[in-house]
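Everything below concerns the one structure shown next.
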Amino acid sequence: MRKLNEVLIGTGTEIYREIIPLTLLSLTGSAVLVPAILFLPVPLTLLLLPLVYMPLLFGSFYAYHRKAEGNKLKIRSMLGGAVKGFMPSLLLGLLFALLGLILWSTWWYYGGRGSLAGRAVAIFQTYFVAMALVSQFYTLQLVIQREMGIFKAMGESVKLFFRHPAYTIGAFFQAVCVGAMLAVTVVGFFALFSGMLSVYSYKAVHNVLNPDEAGETAEEQGPGGAVYAGRERL
(Lines give C-alpha, C1' and ligand atoms only; values in the text may rest on other atoms or scores of the structure.)
Protein backbone atom coordinates (compact mmCIF):
# COMPACT_ATOMS: atom_id res chain seq x y z
CA MET A 1 0.00 0.00 0.00
CA ARG A 2 1.31 3.44 -0.88
CA LYS A 3 2.16 5.92 1.85
CA LEU A 4 -0.23 8.80 2.42
CA ASN A 5 2.25 11.42 1.22
CA GLU A 6 2.52 9.54 -2.11
CA VAL A 7 -1.27 9.64 -2.41
CA LEU A 8 -1.21 13.37 -1.73
CA ILE A 9 1.47 13.96 -4.37
CA GLY A 10 -0.47 11.91 -6.92
CA THR A 11 -3.61 13.89 -6.07
CA GLY A 12 -1.82 17.19 -6.65
CA THR A 13 -0.53 16.00 -10.02
CA GLU A 14 -3.99 14.85 -11.09
CA ILE A 15 -5.63 18.11 -9.97
CA TYR A 16 -3.07 20.08 -12.00
CA ARG A 17 -3.90 18.02 -15.11
CA GLU A 18 -7.69 18.19 -14.70
CA ILE A 19 -8.07 21.59 -13.06
CA ILE A 20 -10.68 22.95 -15.50
CA PRO A 21 -13.19 20.04 -15.39
CA LEU A 22 -12.68 19.69 -11.62
CA THR A 23 -13.43 23.39 -11.19
CA LEU A 24 -16.59 23.01 -13.24
CA LEU A 25 -17.70 20.13 -11.01
CA SER A 26 -17.08 22.22 -7.90
CA LEU A 27 -18.91 25.25 -9.30
CA THR A 28 -21.90 23.09 -10.23
CA GLY A 29 -22.23 21.89 -6.64
CA SER A 30 -21.63 25.37 -5.25
CA ALA A 31 -24.38 26.81 -7.47
CA VAL A 32 -26.80 25.24 -4.98
CA LEU A 33 -24.76 25.88 -1.84
CA VAL A 34 -24.11 29.63 -2.29
CA PRO A 35 -27.76 30.78 -2.57
CA ALA A 36 -28.66 28.58 0.42
CA ILE A 37 -26.00 30.20 2.61
CA LEU A 38 -26.74 33.75 1.46
CA PHE A 39 -30.53 33.83 1.37
CA LEU A 40 -32.04 31.00 3.41
CA PRO A 41 -32.49 30.81 7.20
CA VAL A 42 -29.93 28.67 9.02
CA PRO A 43 -32.33 25.72 9.73
CA LEU A 44 -33.28 25.48 6.04
CA THR A 45 -29.62 25.72 5.01
CA LEU A 46 -28.70 22.85 7.35
CA LEU A 47 -31.57 20.82 5.87
CA LEU A 48 -30.45 21.60 2.32
CA LEU A 49 -26.90 20.35 2.89
CA PRO A 50 -27.78 16.65 3.29
CA LEU A 51 -30.75 16.90 0.93
CA VAL A 52 -29.02 18.55 -2.04
CA TYR A 53 -25.31 19.21 -1.53
CA MET A 54 -24.39 15.67 -0.36
CA PRO A 55 -25.89 14.06 -3.51
CA LEU A 56 -23.97 16.58 -5.64
CA LEU A 57 -20.79 15.72 -3.75
CA PHE A 58 -21.53 12.05 -4.38
CA GLY A 59 -21.99 12.92 -8.04
CA SER A 60 -18.57 14.57 -8.09
CA PHE A 61 -17.04 11.41 -6.58
CA TYR A 62 -18.88 9.30 -9.15
CA ALA A 63 -17.74 11.46 -12.07
CA TYR A 64 -14.10 11.10 -11.08
CA HIS A 65 -14.56 7.35 -10.59
CA ARG A 66 -15.85 7.17 -14.16
CA LYS A 67 -12.83 9.17 -15.28
CA ALA A 68 -10.52 6.70 -13.52
CA GLU A 69 -12.21 3.93 -15.52
CA GLY A 70 -11.26 5.67 -18.77
CA ASN A 71 -14.20 7.99 -19.40
CA LYS A 72 -14.09 11.77 -19.70
CA LEU A 73 -14.74 13.96 -16.68
CA LYS A 74 -18.15 15.47 -17.44
CA ILE A 75 -20.80 17.42 -15.55
CA ARG A 76 -23.34 15.02 -17.04
CA SER A 77 -21.63 12.16 -15.19
CA MET A 78 -21.79 14.20 -11.99
CA LEU A 79 -25.50 14.89 -12.32
CA GLY A 80 -26.19 11.25 -13.22
CA GLY A 81 -24.19 10.14 -10.20
CA ALA A 82 -26.09 12.56 -7.97
CA VAL A 83 -29.38 10.97 -9.05
CA LYS A 84 -28.00 7.45 -8.73
CA GLY A 85 -26.53 8.08 -5.28
CA PHE A 86 -29.26 10.32 -3.90
CA MET A 87 -30.44 7.97 -1.16
CA PRO A 88 -27.00 6.77 0.08
CA SER A 89 -25.62 10.30 0.19
CA LEU A 90 -28.78 11.64 1.83
CA LEU A 91 -28.58 9.04 4.60
CA LEU A 92 -24.91 9.77 5.19
CA GLY A 93 -25.63 13.50 5.17
CA LEU A 94 -28.37 13.03 7.77
CA LEU A 95 -25.90 11.09 9.92
CA PHE A 96 -23.40 13.96 9.67
CA ALA A 97 -26.15 16.45 10.52
CA LEU A 98 -27.13 14.35 13.56
CA LEU A 99 -23.52 14.20 14.75
CA GLY A 100 -23.25 17.96 14.33
CA LEU A 101 -26.46 18.44 16.32
CA ILE A 102 -25.13 16.20 19.10
CA LEU A 103 -21.91 18.21 19.24
CA TRP A 104 -23.70 21.57 19.28
CA SER A 105 -26.24 20.51 21.93
CA THR A 106 -23.49 19.02 24.11
CA TRP A 107 -21.45 22.22 24.20
CA TRP A 108 -24.61 24.31 24.61
CA TYR A 109 -25.80 22.26 27.59
CA TYR A 110 -22.60 21.14 29.31
CA GLY A 111 -20.07 23.68 28.07
CA GLY A 112 -22.14 26.61 29.30
CA ARG A 113 -22.26 25.37 32.87
CA GLY A 114 -18.68 26.37 33.59
CA SER A 115 -18.00 23.24 35.65
CA LEU A 116 -15.04 20.93 35.13
CA ALA A 117 -17.30 17.87 34.89
CA GLY A 118 -19.46 19.54 32.23
CA ARG A 119 -16.45 20.45 30.14
CA ALA A 120 -15.10 16.92 30.50
CA VAL A 121 -18.38 15.52 29.14
CA ALA A 122 -18.32 18.03 26.27
CA ILE A 123 -14.73 17.13 25.38
CA PHE A 124 -15.54 13.41 25.45
CA GLN A 125 -18.55 13.96 23.19
CA THR A 126 -16.39 15.99 20.82
CA TYR A 127 -13.91 13.10 20.64
CA PHE A 128 -16.79 10.66 20.04
CA VAL A 129 -18.24 12.77 17.22
CA ALA A 130 -14.80 13.28 15.63
CA MET A 131 -14.09 9.52 15.64
CA ALA A 132 -17.56 8.80 14.25
CA LEU A 133 -16.91 11.24 11.38
CA VAL A 134 -13.46 9.78 10.68
CA SER A 135 -14.86 6.24 10.69
CA GLN A 136 -17.12 7.16 7.74
CA PHE A 137 -14.26 8.42 5.56
CA TYR A 138 -14.56 5.42 3.21
CA THR A 139 -18.35 5.14 2.98
CA LEU A 140 -19.23 6.98 -0.24
CA GLN A 141 -16.25 5.57 -2.10
CA LEU A 142 -17.23 2.04 -1.03
CA VAL A 143 -20.70 2.66 -2.45
CA ILE A 144 -19.10 3.81 -5.71
CA GLN A 145 -16.01 1.60 -6.06
CA ARG A 146 -17.46 -1.60 -4.55
CA GLU A 147 -21.16 -0.97 -5.34
CA MET A 148 -22.17 -1.63 -1.72
CA GLY A 149 -25.41 -0.62 -0.09
CA ILE A 150 -25.09 2.38 2.19
CA PHE A 151 -25.48 0.49 5.47
CA LYS A 152 -23.02 -2.21 4.47
CA ALA A 153 -20.62 0.52 3.32
CA MET A 154 -20.94 2.29 6.67
CA GLY A 155 -20.08 -0.90 8.51
CA GLU A 156 -17.18 -1.71 6.19
CA SER A 157 -15.87 1.85 6.57
CA VAL A 158 -15.74 1.38 10.35
CA LYS A 159 -13.85 -1.91 9.87
CA LEU A 160 -11.33 -0.22 7.56
CA PHE A 161 -10.92 2.57 10.12
CA PHE A 162 -9.98 0.09 12.85
CA ARG A 163 -7.77 -1.82 10.41
CA HIS A 164 -5.88 1.31 9.31
CA PRO A 165 -6.42 3.89 12.10
CA ALA A 166 -3.32 6.04 11.52
CA TYR A 167 -3.83 6.14 7.74
CA THR A 168 -7.54 6.99 8.07
CA ILE A 169 -7.03 9.73 10.65
CA GLY A 170 -4.18 11.17 8.58
CA ALA A 171 -6.23 11.13 5.37
CA PHE A 172 -9.23 12.71 7.08
CA PHE A 173 -7.03 15.36 8.72
CA GLN A 174 -5.43 16.26 5.37
CA ALA A 175 -8.86 16.61 3.74
CA VAL A 176 -10.01 18.89 6.58
CA CYS A 177 -6.82 20.98 6.33
CA VAL A 178 -7.28 21.45 2.59
CA GLY A 179 -10.90 22.46 3.14
CA ALA A 180 -9.91 24.91 5.88
CA MET A 181 -7.22 26.52 3.72
CA LEU A 182 -9.64 26.88 0.81
CA ALA A 183 -12.28 28.31 3.15
CA VAL A 184 -9.94 31.22 3.92
CA THR A 185 -10.72 32.39 0.38
CA VAL A 186 -14.43 31.67 0.08
CA VAL A 187 -14.32 31.73 -3.74
CA GLY A 188 -11.54 29.15 -3.72
CA PHE A 189 -13.60 26.83 -1.51
CA PHE A 190 -16.68 27.01 -3.71
CA ALA A 191 -14.64 26.69 -6.92
CA LEU A 192 -12.28 23.89 -5.94
CA PHE A 193 -13.19 21.93 -2.82
CA SER A 194 -15.57 19.23 -4.08
CA GLY A 195 -13.49 18.60 -7.21
CA MET A 196 -10.26 18.32 -5.22
CA LEU A 197 -11.94 16.13 -2.61
CA SER A 198 -13.25 13.78 -5.29
CA VAL A 199 -9.71 13.13 -6.53
CA TYR A 200 -8.15 12.83 -3.08
CA SER A 201 -10.93 10.65 -1.68
CA TYR A 202 -10.82 8.30 -4.67
CA LYS A 203 -7.05 7.86 -4.50
CA ALA A 204 -6.90 7.51 -0.71
CA VAL A 205 -9.67 4.90 -0.59
CA HIS A 206 -8.52 3.06 -3.73
CA ASN A 207 -5.10 2.76 -2.11
CA VAL A 208 -6.62 0.94 0.88
CA LEU A 209 -8.94 -1.25 -1.18
CA ASN A 210 -6.13 -2.27 -3.55
CA PRO A 211 -3.04 -2.46 -1.31
CA ASP A 212 -1.04 -4.72 -3.63
CA GLU A 213 -1.64 -2.67 -6.78
CA ALA A 214 1.53 -0.56 -6.55
CA GLY A 215 3.75 -3.55 -5.87
CA GLU A 216 2.17 -5.62 -8.63
CA THR A 217 2.52 -2.78 -11.12
CA ALA A 218 6.21 -2.48 -10.35
CA GLU A 219 6.71 -6.25 -10.67
CA GLU A 220 4.70 -6.47 -13.90
CA GLN A 221 6.78 -3.76 -15.53
CA GLY A 222 10.01 -5.38 -14.27
CA PRO A 223 13.33 -5.26 -16.15
CA GLY A 224 12.71 -4.58 -19.82
CA GLY A 225 8.98 -3.93 -19.24
CA ALA A 226 7.95 -7.59 -19.20
CA VAL A 227 4.37 -8.31 -18.14
CA TYR A 228 3.61 -11.26 -15.86
CA ALA A 229 0.19 -12.82 -16.46
CA GLY A 230 -1.90 -15.13 -14.36
CA ARG A 231 -1.40 -13.35 -11.05
CA GLU A 232 -4.56 -13.07 -9.03
CA ARG A 233 -5.22 -9.95 -6.99
CA LEU A 234 -6.41 -10.29 -3.44
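Identifiers in this document derive from the order of the C-alpha coordinates: chains are assigned A, B, ..., residues are numbered from 1 separately in each chain, and ligands are numbered from 1 in order of occurrence.
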
For this session: Find the residues around Leu51 in chain A up to 6 Å (only C-alpha atoms counted), leave out those fewer than 2 positions away in its own chain, and share them as a list in words.
Result: Leu48, Leu49 and Leu90 of chain A

For this session: List the neighbours of Arg2 in chain A out to 12 Å using only C-alpha atoms; skip same-chain residues closer than 6 positions along the sequence, and give me the result as a PyMOL selection string.
Result: chain A and resi 8-10+167+203-216

Exercise. So how far away is CA of Tyr127 in chain A from CA of Leu99 in chain A, in Å?
Worked result: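 Distance reported for this atom pair: 11.3 Å.
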
For this session: Choose the residue, out of A:Leu140, A:Val83, A:Met54, A:Val121, that has the smallest atom-to-atom separation from Ser157 in chain A; count only C-alpha atoms.
Result: A:Leu140
